[in-house]
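File shown here: upload_9.txt, holding compact mmCIF, C-alpha atoms and all ligand atoms.
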```
# COMPACT_ATOMS: atom_id res chain seq x y z
CA MET D 4 20.65 58.96 53.62
CA ASN D 5 21.73 61.90 51.50
CA SER D 6 20.70 61.45 47.86
CA ALA D 7 24.09 62.81 46.78
CA ASP D 8 26.10 60.39 48.89
CA PHE D 9 28.76 58.58 46.87
CA THR D 10 29.01 55.87 49.53
CA ASP D 11 25.37 55.00 48.72
CA ASP D 12 25.43 52.34 46.00
CA SER D 13 22.04 53.34 44.64
CA PHE D 14 23.19 56.94 44.13
CA VAL D 15 26.38 55.78 42.41
CA SER D 16 24.30 53.50 40.22
CA LYS D 17 22.05 56.46 39.26
CA MET D 18 25.09 58.52 38.32
CA ASP D 19 26.38 55.57 36.31
CA SER D 20 23.10 55.38 34.37
CA TYR D 21 23.15 59.13 33.77
CA LEU D 22 26.69 58.99 32.39
CA LYS D 23 25.93 55.94 30.27
CA SER D 24 23.07 57.76 28.58
CA HIS D 25 24.77 61.18 28.27
CA LEU D 26 28.33 60.30 27.23
CA SER D 27 29.53 58.66 24.04
CA PRO D 28 30.17 54.92 24.51
CA SER D 29 33.95 55.35 24.41
CA ARG D 30 33.90 58.22 26.93
CA TYR D 31 31.64 56.24 29.25
CA SER D 32 33.91 53.24 28.98
CA HIS D 33 36.96 55.44 29.75
CA SER D 34 35.08 56.82 32.78
CA VAL D 35 34.37 53.36 34.20
CA SER D 36 37.94 52.27 33.55
CA THR D 37 39.27 55.43 35.25
CA ALA D 38 36.96 54.74 38.21
CA ASN D 39 38.35 51.22 38.60
CA THR D 40 41.94 52.48 38.37
CA CYS D 41 41.15 55.21 40.92
CA ARG D 42 39.86 52.55 43.31
CA THR D 43 43.03 50.47 42.94
CA LEU D 44 45.27 53.50 43.50
CA ALA D 45 43.16 54.59 46.48
CA SER D 46 43.69 51.24 48.20
CA LYS D 47 47.41 51.57 47.59
CA PHE D 48 47.73 55.18 48.76
CA GLY D 49 45.39 55.27 51.76
CA CYS D 50 42.41 57.05 50.24
CA ASP D 51 38.71 56.09 50.50
CA PRO D 52 38.16 53.64 47.59
CA LYS D 53 34.46 54.53 47.22
CA ARG D 54 35.17 58.23 47.00
CA ALA D 55 37.97 57.56 44.50
CA PHE D 56 35.76 55.27 42.37
CA PHE D 57 33.01 57.89 42.28
CA THR D 58 35.48 60.65 41.36
CA GLY D 59 36.84 58.61 38.47
CA LEU D 60 33.36 57.72 37.28
CA VAL D 61 32.18 61.33 37.04
CA HIS D 62 35.44 63.08 36.11
CA ASP D 63 34.54 63.64 32.44
CA ILE D 64 30.86 64.46 32.99
CA ALA D 65 31.30 67.75 31.08
CA ARG D 66 33.89 66.55 28.56
CA GLU D 67 31.46 66.55 25.65
CA TYR D 68 29.83 69.92 26.38
CA SER D 69 29.84 72.69 23.77
CA LYS D 70 32.19 75.67 24.13
CA GLU D 71 29.27 77.79 25.34
CA GLU D 72 28.23 75.23 27.96
CA LEU D 73 31.82 74.82 29.17
CA VAL D 74 32.31 78.56 29.65
CA GLU D 75 28.90 78.96 31.30
CA TRP D 76 29.37 76.11 33.78
CA ALA D 77 33.05 76.80 34.56
CA SER D 78 32.27 80.48 35.26
CA LYS D 79 30.12 79.41 38.21
CA ASP D 80 33.19 78.60 40.33
CA GLY D 81 34.16 82.30 40.44
CA MET D 82 37.68 81.81 39.11
CA PRO D 83 38.69 83.74 35.99
CA ILE D 84 38.22 82.32 32.51
CA ARG D 85 41.58 82.85 30.83
CA GLU D 86 42.32 83.74 27.20
CA LEU D 87 43.86 80.28 26.99
CA ASP D 88 40.59 78.70 28.10
CA LEU D 89 38.61 80.56 25.46
CA HIS D 90 41.11 79.44 22.85
CA SER D 91 40.92 75.80 24.04
CA PRO D 92 37.58 75.47 25.86
CA VAL D 93 38.19 71.77 26.49
CA LEU D 94 40.57 72.95 29.24
CA LEU D 95 37.45 74.00 31.14
CA HIS D 96 35.78 70.59 31.24
CA GLY D 97 37.11 69.76 34.72
CA ARG D 98 35.95 73.06 36.22
CA ALA D 99 32.62 72.80 34.40
CA GLY D 100 32.18 69.21 35.55
CA ALA D 101 32.76 70.18 39.18
CA MET D 102 30.04 72.82 38.94
CA VAL D 103 27.63 70.40 37.26
CA LEU D 104 28.19 67.90 40.06
CA LYS D 105 27.67 70.54 42.71
CA ASN D 106 24.68 72.39 41.23
CA GLN D 107 22.89 69.64 39.34
CA PHE D 108 23.64 66.61 41.53
CA GLY D 109 24.21 68.12 44.98
CA ILE D 110 27.77 66.90 45.46
CA GLU D 111 29.34 69.03 48.19
CA ASP D 112 32.55 67.05 48.84
CA LEU D 113 35.27 69.63 48.27
CA ASP D 114 37.98 67.05 47.60
CA VAL D 115 35.89 65.45 44.85
CA LEU D 116 35.12 68.83 43.29
CA ALA D 117 38.78 69.93 43.50
CA ALA D 118 39.92 66.66 41.92
CA LEU D 119 37.64 67.27 38.95
CA GLN D 120 38.75 70.89 38.64
CA ALA D 121 42.44 69.93 38.57
CA HIS D 122 42.36 66.80 36.44
CA THR D 123 42.62 68.40 33.00
CA THR D 124 46.04 70.01 33.41
CA GLY D 125 47.12 69.30 36.96
CA THR D 126 47.97 72.21 39.22
CA SER D 127 49.85 72.98 42.43
CA GLY D 128 48.33 72.10 45.79
CA MET D 129 46.56 68.95 44.67
CA LYS D 130 45.39 66.64 47.46
CA THR D 131 45.69 62.85 47.42
CA LEU D 132 42.34 62.28 45.68
CA ALA D 133 43.17 64.80 42.93
CA LYS D 134 46.54 63.13 42.38
CA ILE D 135 44.91 59.71 42.16
CA LEU D 136 42.47 60.93 39.52
CA PHE D 137 45.25 62.68 37.58
CA VAL D 138 47.26 59.44 37.40
CA ALA D 139 44.28 57.11 36.80
CA ASP D 140 42.93 59.24 33.94
CA TYR D 141 46.26 58.83 32.15
CA ILE D 142 47.08 55.19 32.85
CA GLU D 143 43.69 53.41 32.87
CA PRO D 144 43.92 50.24 30.76
CA GLU D 145 41.85 51.58 27.86
CA ARG D 146 44.45 54.27 27.14
CA LYS D 147 46.20 52.77 24.16
CA HIS D 148 49.17 55.17 24.24
CA ILE D 149 50.43 53.73 27.52
CA THR D 150 53.22 51.24 26.98
CA PRO D 151 54.05 48.34 29.30
CA GLU D 152 57.45 50.04 29.77
CA PHE D 153 55.77 53.19 31.06
CA LEU D 154 53.58 51.19 33.43
CA SER D 155 56.53 49.24 34.78
CA SER D 156 58.43 52.52 35.27
CA LEU D 157 55.69 53.50 37.75
CA GLU D 158 56.19 50.43 39.91
CA GLY D 159 57.64 51.28 43.28
CA LEU D 160 57.00 55.01 42.91
CA ASP D 161 55.09 56.92 45.53
CA LEU D 162 52.03 58.93 44.45
CA ASP D 163 53.99 62.13 43.79
CA GLY D 164 56.45 60.13 41.71
CA MET D 165 53.58 58.77 39.63
CA VAL D 166 52.06 62.22 39.19
CA TYR D 167 55.44 63.52 38.04
CA ALA D 168 55.89 60.67 35.55
CA VAL D 169 52.40 61.23 34.12
CA LEU D 170 52.93 64.98 33.95
CA MET D 171 56.25 64.58 32.13
CA GLY D 172 54.61 62.10 29.75
CA THR D 173 52.01 64.73 28.89
CA LEU D 174 54.54 67.57 28.62
CA ASN D 175 56.80 65.52 26.35
CA HIS D 176 53.83 64.64 24.17
CA LEU D 177 52.83 68.31 23.89
CA ALA D 178 56.42 69.29 23.09
CA SER D 179 56.59 66.66 20.32
CA LYS D 180 53.47 68.23 18.78
CA GLY D 181 54.87 71.76 19.16
CA LYS D 182 52.05 72.66 21.53
CA GLY D 183 52.27 75.03 24.48
CA VAL D 184 51.89 74.00 28.10
CA ASP D 185 49.22 75.30 30.45
CA PRO D 186 50.72 77.42 33.26
CA TYR D 187 48.80 75.30 35.80
CA ALA D 188 50.74 72.23 34.63
CA LEU D 189 54.01 74.13 35.02
CA GLU D 190 53.01 75.08 38.57
CA LEU D 191 52.55 71.40 39.36
CA LYS D 192 55.92 70.55 37.81
CA LYS D 193 57.66 73.24 39.85
CA GLU D 194 55.95 72.10 43.05
CA LEU D 195 56.94 68.47 42.56
CA GLU D 196 60.52 69.33 41.65
CA HIS D 197 60.88 71.45 44.78
CA ALA D 198 59.41 68.71 46.94
CA GLU D 199 62.08 66.21 45.89
FE FE D 201 39.01 64.84 31.43
FE FE D 202 39.36 61.43 31.33
```

For the file at hand, write its structure as structure tokens.
Ligand SMILES: [Fe+2]
Ligand SMILES: [Fe+2]
Amino acid sequence: MNSADFTDDSFVSKMDSYLKSHLSPSRYSHSVSTANTCRTLASKFGCDPKRAFFTGLVHDIAREYSKEELVEWASKDGMPIRELDLHSPVLLHGRAGAMVLKNQFGIEDLDVLAALQAHTTGTSGMKTLAKILFVADYIEPERKHITPEFLSSLEGLDLDGMVYAVLMGTLNHLASKGKGVDPYALELKKELEHAE
């Protein structure tokens, strides 16, 4: 059995221990909660629940890295580091996390890696697993900003509908703070609006 196999409970348990000892308690707790929400959404939307759980568990593996570590790890994927990323290095934690998983833990599953890369802002071309992580990260029960009204507004929506609702929630929040929006998020918005 491959040591980096997320269907292997002992490997998942090792990753869990690693995260528990390397993340702050609140970030670890958010990671477990996101993993559980990913599993629930995966069952609903026809995705492998074990793969989704694992993706949620590890999605913020690089979230507490320094600016230097984020830039160094994210650079390994070969995509450009933008001015925007240097200004807000936290934007790189998904890309950095994907490279940590690949290079340090031997995870080769491209859908898992792509889900991590996309989860910070969302982007166009996301597959089902990436969409599940994007939604779960925002709505997991430990997120205190999520109202019961927002959650009930998601009921009956398909996965793209949920992604759109989450994206608009984020964009509205950024607008209320006078903050700019990442072009990747706008690409996702455009894609979803054209798909309707
Ligand atoms: Fe994150
Ligand atoms: Fe997160």

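Compared by their closest atoms to Trp76 in chain D, and using all atoms listed in the file, the residues D:Asp51, D:Lys130, D:Leu136, D:Lys105 rank with D:Lys105 nearest.
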
request  = Using only C-alpha atoms and all ligand atoms, find each protein or nucleic acid residue lying at most 9 Å from ligand FE 202 (chain D); present the set as a ChimeraX atom specification.
outcome  = /D:30,33-34,37,59,62-63,66,122-123,136-137,139-141

Nearest to ligand FE 201 (chain D), restricted to all atoms listed in the file and choosing among D:Ser78, D:Ser16, D:Ser36, D:Gln120, comes out as D:Gln120

For the point (58.5, 69.8, 41.7) in file coordinates, what residues are within 12 Å, counting all atoms listed in the file? Give the answer as a PDB file with C-alpha atoms, keeping the file's coordinate frame?
```pdb
ATOM      1  CA  THR D 126      47.970  72.210  39.220  1.00  0.00           C
ATOM      2  CA  SER D 127      49.850  72.980  42.430  1.00  0.00           C
ATOM      3  CA  GLY D 128      48.330  72.100  45.790  1.00  0.00           C
ATOM      4  CA  ASP D 163      53.990  62.130  43.790  1.00  0.00           C
ATOM      5  CA  GLY D 164      56.450  60.130  41.710  1.00  0.00           C
ATOM      6  CA  VAL D 166      52.060  62.220  39.190  1.00  0.00           C
ATOM      7  CA  TYR D 167      55.440  63.520  38.040  1.00  0.00           C
ATOM      8  CA  ALA D 168      55.890  60.670  35.550  1.00  0.00           C
ATOM      9  CA  LEU D 170      52.930  64.980  33.950  1.00  0.00           C
ATOM     10  CA  MET D 171      56.250  64.580  32.130  1.00  0.00           C
ATOM     11  CA  ALA D 188      50.740  72.230  34.630  1.00  0.00           C
ATOM     12  CA  LEU D 189      54.010  74.130  35.020  1.00  0.00           C
ATOM     13  CA  GLU D 190      53.010  75.080  38.570  1.00  0.00           C
ATOM     14  CA  LEU D 191      52.550  71.400  39.360  1.00  0.00           C
ATOM     15  CA  LYS D 192      55.920  70.550  37.810  1.00  0.00           C
ATOM     16  CA  LYS D 193      57.660  73.240  39.850  1.00  0.00           C
ATOM     17  CA  GLU D 194      55.950  72.100  43.050  1.00  0.00           C
ATOM     18  CA  LEU D 195      56.940  68.470  42.560  1.00  0.00           C
ATOM     19  CA  GLU D 196      60.520  69.330  41.650  1.00  0.00           C
ATOM     20  CA  HIS D 197      60.880  71.450  44.780  1.00  0.00           C
ATOM     21  CA  ALA D 198      59.410  68.710  46.940  1.00  0.00           C
ATOM     22  CA  GLU D 199      62.080  66.210  45.890  1.00  0.00           C
TER      23      GLU D 199
END
```

ask   = What is the distance, in Å and to one decimal place, between CA of Ala101 in chain D and CA of Leu160 in chain D?
value =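 Pair CA of Ala101 in chain D / CA of Leu160 in chain D returns 28.8 Å.
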
Pairwise distance, CA of Glu145 in chain D with CA of Ser32 in chain D, equals 8.2 Å

Given the choices D:Glu86, D:Glu75, D:Asp8, D:Glu67, which gets closest to ligand FE 201 (chain D) if the distance is worked out from all atoms listed in the file?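 Between D:Glu86, D:Glu75, D:Asp8, D:Glu67, the residue approaching ligand FE 201 (chain D) most closely is D:Glu67.
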
Between CA of Gly49 in chain D and CA of Thr131 in chain D, what distance in Å does the model show, to one decimal?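 Computed distance, CA of Gly49 in chain D to CA of Thr131 in chain D, equals 8.7 Å.
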